[in-house]
Amino acid sequence: MVLTTLSICLVYGRLFWSVKRLVLLKEIQLFWLPTYNSVMLEQWMYLNRKLSQETEDDDETLTRSDEKTRVYICTTMYRESRKEMQQLLESIGKISQATSDKAKIHFESHVFLDGAVRGDELTEFALQLISLLKDALNIDDILTCTKTTTPYGLRLGWKLPGPCGMTFTIHMKDPKKVKKKKRWSQIMYMSYVLDFLSKQHVDRDGNPIVKDSDCFILTTDADVKFTPESVEALLDLMKRDTSVGAVCARTHPLGEGPLVWYQKFEYAIGHWFQKAAEHVLGSVLCAPGCFSVYRCSALKDIIPTYASSVERAFEFLIKDMGEDRWLCTLMVQSGWRIEYCAASENETYCPEEFEEFYKQRRRWIASTLANIISLIKEWSLIRTLNHRVSYLFCIYQIFLLTSTFIGPSTVIIIVAGGLNYAWDINVVWAVVLQIIVCVIYAGICLFMNETWQMQSGKIITFLYAIVMTAVVVGIAEQVAEDLIAFSPDIKTETKNNITVTITTELPAGAISDDFPVSFVTLYLGLLIAVFLLTGMLHPSEFSCLLNGITYLLCLPSGYLVLNIYSVVNITDRSWGTREEKDHNSVKKTKPWYDGLETVMRKIFFCFDKKETQGNPSNVDMQDEKSKRRRSESDSGQPQNLSKSLGPGLKFGGKSLSRSQSVEQRMEQVNEEKDEDVEEESYSDEEEELYDELDPTAVEDWLPKDMEEYAKLFKDNGYENTNFLSMLTDVDLKRLGIKKVAQRRNLYRKIQNIPEFTIPVDVPKDLSSWLHQIGLEEYKPNFRRNQIKTVRDMEALKSFTIKEINEDLNITKPGHVRRLQDAIKRLRNPTHDERVITKFKEEISQAFLHDLRSVNQEENKFWKDLIRACLEPASDAFGFEEILKGKLQNLRNEWLMVSGIVNCLWIVIIMTLSSSIDLQIAGTNPLSLLFLIVFGFLFVLQFSCMLVHRFTTLSHFIARAPYKFGQNYRSSVSFLSRDIDSEEELLTREVRNLEPQFLRRIRNQQKQGKRKKSNSKSSETAPLIANHNGNDIYTGPPVKEAYEENMLAERGQYVRKV
C-alpha cells in the first residue's frame, strides 16, 4: 500500500513538474476519452491524460498558449478626488510593469474624462489627472505626449515605461461636442474598440490578427484598485468558455464611517449569496462597470441597442439609471452568459455621506426593479435564446421581485412585533404610527426640496436605529424564554396524599409541546448559523460579519425609508453623485405674496381655473413633439438601431435580423446626410476665441440685434467675457431678459466662453490682485478702508456680503460674486495645487496636432459616431419636458401600486395574527408560508454559495504554483514562464538604466526635434492608437540612438557578469 501510494505521488509529481499546462482547460483538452475506470482510477487517469506535446488538428484541442489576446482597459471618469485617481493609475501602472514583451497578450489603457475641456481650456479635474501621471505611472516628461484635437474634444497619449511599452490615452470630452454621463462614454470606447482599433491590427491579407472572441474590454471606474492577478483570474474564465460574454469580480468598498460599515456587510452578503446564486442557477444579471471584463464579440451584438435614446419613462429607468445592469440584461437576452469570479478582487470607494448614499441607491433600486421586470416580461423569448436561463432561475427572480415590493410592509410588521416584545406596545398602534410616518415622509419627498428630504430621512433613520435597538433586545428576550421553555422545569407537589406535577407554561407561539420553540427563534437561529458558516468559508472576509450590527440597526432605513425616497424621486434625472453645484450670481428677489399664492393654489387646486383659449393644449403639444420625434427618428436617430437577438426572431413584436454594427449605422447616417445637405446641426456653429488676458467687452460680444442689453449687463457687473462666463440661464432671466429666444441664444454664447479661473495664491500686492480679478476700479475703496498691503488683505477673509456692499461700496452682483470667489482662493496654495499649476503650464507647451490632418480615417469615424448617437440634445428640441411628465405618471403608478400592495399585506398579516382559530404551529398560515418561502430562498442561496465556493477553490488550486516562489498560473500569462533567471536579472538591470538614456537622448536632440516638429506638417505625427512599434518619439534618429546606446550598455554589463 505504501509503495503504491509512493508510486502514484511520484508519477503525478513528474506530471505536475514537467508538463506545462494552462489552467481551467476543457475536458476534451485534458483527456483522450471522456470516461473513467472506477476500479483503477489513478492509473486510468494517468494513461488517459494528454501530454503537452500531443495535440490534434481540431480547434477544440489546440492549446490556448498559442492564441493572441488583446485587452483594452477602458475607464470612465468625471470628478473623482486626487486619491481616487491615483489609486486607478497605480493599478494601471502595475499592469504595464507586469506584462512581458514575450507574452501573447497586449494591453492598452484608455481613460474617458467627462467635462475635461471647455473650448481649449483644461478643467481642474483634467489637470489633476495629468499631475498624477509622473508619480503613478513613472512618466518623467509630460511633454512626450501626443496632444491631438479631436471632434469630441482633446486627446493626450503616452507610452508607459515597462517591458511592453503599454499605451495610455486620455480622451477629454467637451460637453458641448458630445453627450455627458457614463453610458455615452461607454458607447464611445466600445465603438472605438470594435469599429476602429480592432480594424487597425490586421495581417497582409486584411484579416484581424486577434479574433473578436480573444479581444476583451476591461471596464473600470476611476477610483478602483486592482492587481494583475485579479485581471488574470477574470481572463481565465473568459478563455475557458467562449460562450461567456462577461465576468465580474468581488468588489470591496473602501472608506470610513458607519455608512461604509453598512455597505461592507451589504456588499459581502450580496456577493456571497446573490451573485453566487445567479452564477450557479443561470447567469449573473449585473457585471458592475467598476471592474469587469467584456468579450468584444458579445458587445458587437448589443451595442446598437445600447446606443439607443430614451423615449419612454420606463426606458429611462432601464437605460440611464443603471447602464451596467441594462448592458448585462441585453447580453442575457442575446444568449450570452455572465459569470462571477470570486478569485478576482478589487476595491473601490463607496459613499461616506448620507446624501450621496441615498442618491446612489435611488438610481440602483429603480434600475434593478425595471430590469428584472423587463426580464420577466420577455422570459419565454429569453429561454429560447439562452438555454442557461431555467425555470428555477425565473422563479427565483420572481420571488426576489415580490420580496422587494413587500419589503416596506414586512419591516413595519417586524418593528411592531419587536416593540411589543420590548416595550409592550400594542402592535396595531405601532403599525399605524409607522404608516403615518411613512406617509409624512412620502409627502415631504413629493412637495419639499432636496434639503428637506435628506434632513427628514436622517431623523427617521436615527429614530428607527433607536427603535431597532429595543427590537433586538425584545427579540433576544423572546429567544431566551424559548430556550428556557425548551428545558422545562418540572416540579411535583403532594397535597392530601395527591401528587401533582407542575410544569412551566409553553411560550406563546411555540411550535408544539414536544418542540417548545417559536418559528421566530428557529428562523433566527438558522439565520445566524448560516451566516457564521458562510463567514468561515470566506476566511479573509470574516470581519465583514462584525458590520452586521450596523446593518441591523439601519435595516428599516435601507428597506423602508430608502425605498420610499427612491420611488418618489424616479423623476430626478440627475446622476446624484459627484454632481457639480450650480452657483447663481444674481440673487432672486420674489415678493412674499407670490409664495403665499403658490401655497394657496396647491391647497385649493380644485378652484384653480386656467385659460385654455388661444393656447395649444399640453396634449396637442405632446402629440406635435411626438410626431416630430418620430419623423426625426425615421431620418437617422440612434433609437432605430437594430435590436436583434438572432436571425429571423421577433422581439417586442418587431421583426429582427442580425444586429448591425455601429459603423454600418454610421454609413446610413452619412447617406442620409448626403441626401439633405442643407440640414445642419446647431453644434457645428463656428466657435469664437476668447482670451482671459484681453477679454471681449460686452457690447462687442452681444449680437447686433441685442445691443440694447449692454447697459443692463454693465449695470449688474458683467462688462466683459471674464464676468459673463459665470452666468446661468436662471441668472439671465433674473437680470430682466424676458424673451425666451434671446435668453437661449445668449446662454448658448455664454457656454462657449471658457471658465475664468482665479489661481489659489497670495498676491504680491493689492494692485496686482485687483487687476488679476478685473476689479482694479475699486482700488480707492480698498485704500479708504485701510486695505493697502498684503497684510491688510487678511481682513477680507471675514468680509460678508453686507460689508462688501457698505464698506467697499461694491454693489454690482457680478463684481460681488467675483470678489467672493477671489477671497475664497486668497490663501497659500497646497502642494497639489502648485503641482497642478505647474503641469498646466507644461501641457500648454506641448505641440498640438489636428486629427483631421493626422488621421482622416479616425476623424471621420468620430464625426460619424457623434452624428449617429453622441450629439448633445437641444434643450428646446429635446424630449426632456415630455419625458418629465411621463416619469411623473410612472411615479404615481408605482406609488399607488406599492402602497396598495403593502397595505393589503399588513392588513392580511395583522388580521390572521389576531385570529387564534387560524393559527398553525403557533403562527398564522400566511406568516408561516412567508417564512417557508423566504427560508427556501435562503437555503437555495446558501446551497449555491457552497457550489460556487467549490468552483472558486478549484480555480485557486489550478492557479497555485507547483514550485515555491513561482508566479500564479493563468490562461493568459502576463510574464513569460520561459525566461531564464540570469536573463531576467540582466533585463531588469538594463531596464533600470533605461530612464537615464532617455533623458540623455532627449537633452541631446530636444532642440532639433522641436525644429523638426515645427517644420513638418502634422500629417507625420504618430498617434498612440495606431502606433505598433516600441518607439514613443516622433523621429527615427531618437529610436536609433536609443537602441544603439542600450545595446552598448547591455554588452558592457554582460562582460561584467
# chains A, B, ... in the order shown; residues from 1 in each chain; ligands from 1

call {"tool": "residues_around", "arguments": {"residues": "Phe125 in chain A", "least_positions_apart": "2", "cutoff": "7 Å", "atoms": "only C-alpha atoms", "output": "list in words"}}
result
Arg79, Ala116, Thr123, Leu127, Gln128 and Leu129 of chain A

call {"tool": "select_by_dssp", "arguments": {"residues": "range 277-441 of chain A", "states": "alpha helix (DSSP H)", "output": "ChimeraX atom specification"}}
result
/A:277-281,296-306,313-319,323-333,354-377,379-385,391-405,407-423,427-441

call {"tool": "closest_residue", "arguments": {"among": "A:Thr220, A:Asn547, A:Ser540, A:Ser898", "to": "Glu347 in chain A", "atoms": "only C-alpha atoms"}}
result
A:Thr220

call {"tool": "atom_distance", "arguments": {"atom1": "CA of Cys286 in chain A", "atom2": "CA of Arg325 in chain A"}}
result
4.7 Å

call {"tool": "residues_around", "arguments": {"residues": "Gln742 in chain A", "least_positions_apart": "6", "cutoff": "12 Å", "atoms": "only C-alpha atoms", "output": "list in words"}}
result
Leu702, Pro703, Lys704, Asp705, Met706, Glu707, Glu708, Tyr709, Asp729, Leu732, Lys733, Gly736, Arg748 and Lys749 of chain A

call {"tool": "residues_around", "arguments": {"residues": "Cys328 in chain A", "least_positions_apart": "2", "cutoff": "12 Å", "atoms": "only C-alpha atoms", "output": "ChimeraX atom specification"}}
result
/A:244-248,283-289,292-295,298-299,302-303,306,318-319,322-326,330-339,368,371-372,375

call {"tool": "atom_distance", "arguments": {"atom1": "CA of Phe168 in chain A", "atom2": "CA of Glu229 in chain A"}}
result
20.2 Å

call {"tool": "atom_distance", "arguments": {"atom1": "CA of Asn828 in chain A", "atom2": "CA of Glu806 in chain A"}}
result
27.9 Å

call {"tool": "residues_around", "arguments": {"residues": "Ile900 in chain A", "least_positions_apart": "4", "cutoff": "12 Å", "atoms": "only C-alpha atoms", "output": "ChimeraX atom specification"}}
result
/A:405-406,408-409,893-896,904-907

call {"tool": "closest_residue", "arguments": {"among": "A:Asn449, A:Thr811, A:Ser403, A:Ser798", "to": "Val901 in chain A", "atoms": "only C-alpha atoms"}}
result
A:Ser403

call {"tool": "residues_around", "arguments": {"residues": "Val939 in chain A", "least_positions_apart": "4", "cutoff": "10 Å", "atoms": "only C-alpha atoms", "output": "PyMOL selection string"}}
result
chain A and resi 273+526-527+530+933-935+943-945

call {"tool": "write_last_selection", "arguments": {"atoms": "N, CA and C atoms", "output": "PDB file, in the first residue's frame"}}
result
ATOM      1  N   PHE A 273     -24.070  35.488  -1.466  1.00  0.00           N
ATOM      2  CA  PHE A 273     -25.323  34.773  -1.711  1.00  0.00           C
ATOM      3  C   PHE A 273     -25.931  35.093  -3.078  1.00  0.00           C
ATOM      4  N   LEU A 526     -31.258  29.597  12.737  1.00  0.00           N
ATOM      5  CA  LEU A 526     -30.742  29.102  11.466  1.00  0.00           C
ATOM      6  C   LEU A 526     -30.049  30.205  10.680  1.00  0.00           C
ATOM      7  N   LEU A 527     -30.593  31.419  10.754  1.00  0.00           N
ATOM      8  CA  LEU A 527     -30.003  32.548  10.044  1.00  0.00           C
ATOM      9  C   LEU A 527     -28.593  32.841  10.560  1.00  0.00           C
ATOM     10  N   VAL A 530     -26.164  30.057   9.507  1.00  0.00           N
ATOM     11  CA  VAL A 530     -25.784  30.122   8.096  1.00  0.00           C
ATOM     12  C   VAL A 530     -24.762  31.230   7.867  1.00  0.00           C
ATOM     13  N   VAL A 933     -41.218  30.326   2.422  1.00  0.00           N
ATOM     14  CA  VAL A 933     -40.729  30.797   1.121  1.00  0.00           C
ATOM     15  C   VAL A 933     -39.369  31.482   1.282  1.00  0.00           C
ATOM     16  N   PHE A 934     -39.273  32.390   2.276  1.00  0.00           N
ATOM     17  CA  PHE A 934     -38.006  33.075   2.486  1.00  0.00           C
ATOM     18  C   PHE A 934     -36.933  32.095   2.943  1.00  0.00           C
ATOM     19  N   GLY A 935     -37.323  31.117   3.749  1.00  0.00           N
ATOM     20  CA  GLY A 935     -36.359  30.108   4.148  1.00  0.00           C
ATOM     21  C   GLY A 935     -35.873  29.283   2.970  1.00  0.00           C
ATOM     22  N   SER A 943     -27.013  27.001  -0.685  1.00  0.00           N
ATOM     23  CA  SER A 943     -26.553  25.839  -1.454  1.00  0.00           C
ATOM     24  C   SER A 943     -25.744  26.281  -2.674  1.00  0.00           C
ATOM     25  N   CYS A 944     -26.227  27.321  -3.344  1.00  0.00           N
ATOM     26  CA  CYS A 944     -25.483  27.839  -4.498  1.00  0.00           C
ATOM     27  C   CYS A 944     -24.140  28.418  -4.071  1.00  0.00           C
ATOM     28  N   MET A 945     -24.105  29.041  -2.891  1.00  0.00           N
ATOM     29  CA  MET A 945     -22.843  29.558  -2.375  1.00  0.00           C
ATOM     30  C   MET A 945     -21.838  28.439  -2.148  1.00  0.00           C
TER      31      MET A 945
END

call {"tool": "residues_around", "arguments": {"residues": "Asp120 in chain A", "least_positions_apart": "2", "cutoff": "10 Å", "atoms": "only C-alpha atoms", "output": "list in words"}}
result
Val117, Arg118, Leu122, Thr123, Thr149, Gly153, Leu154, Asp174, Leu689, Tyr690, Pro754 and Ser844 of chain A
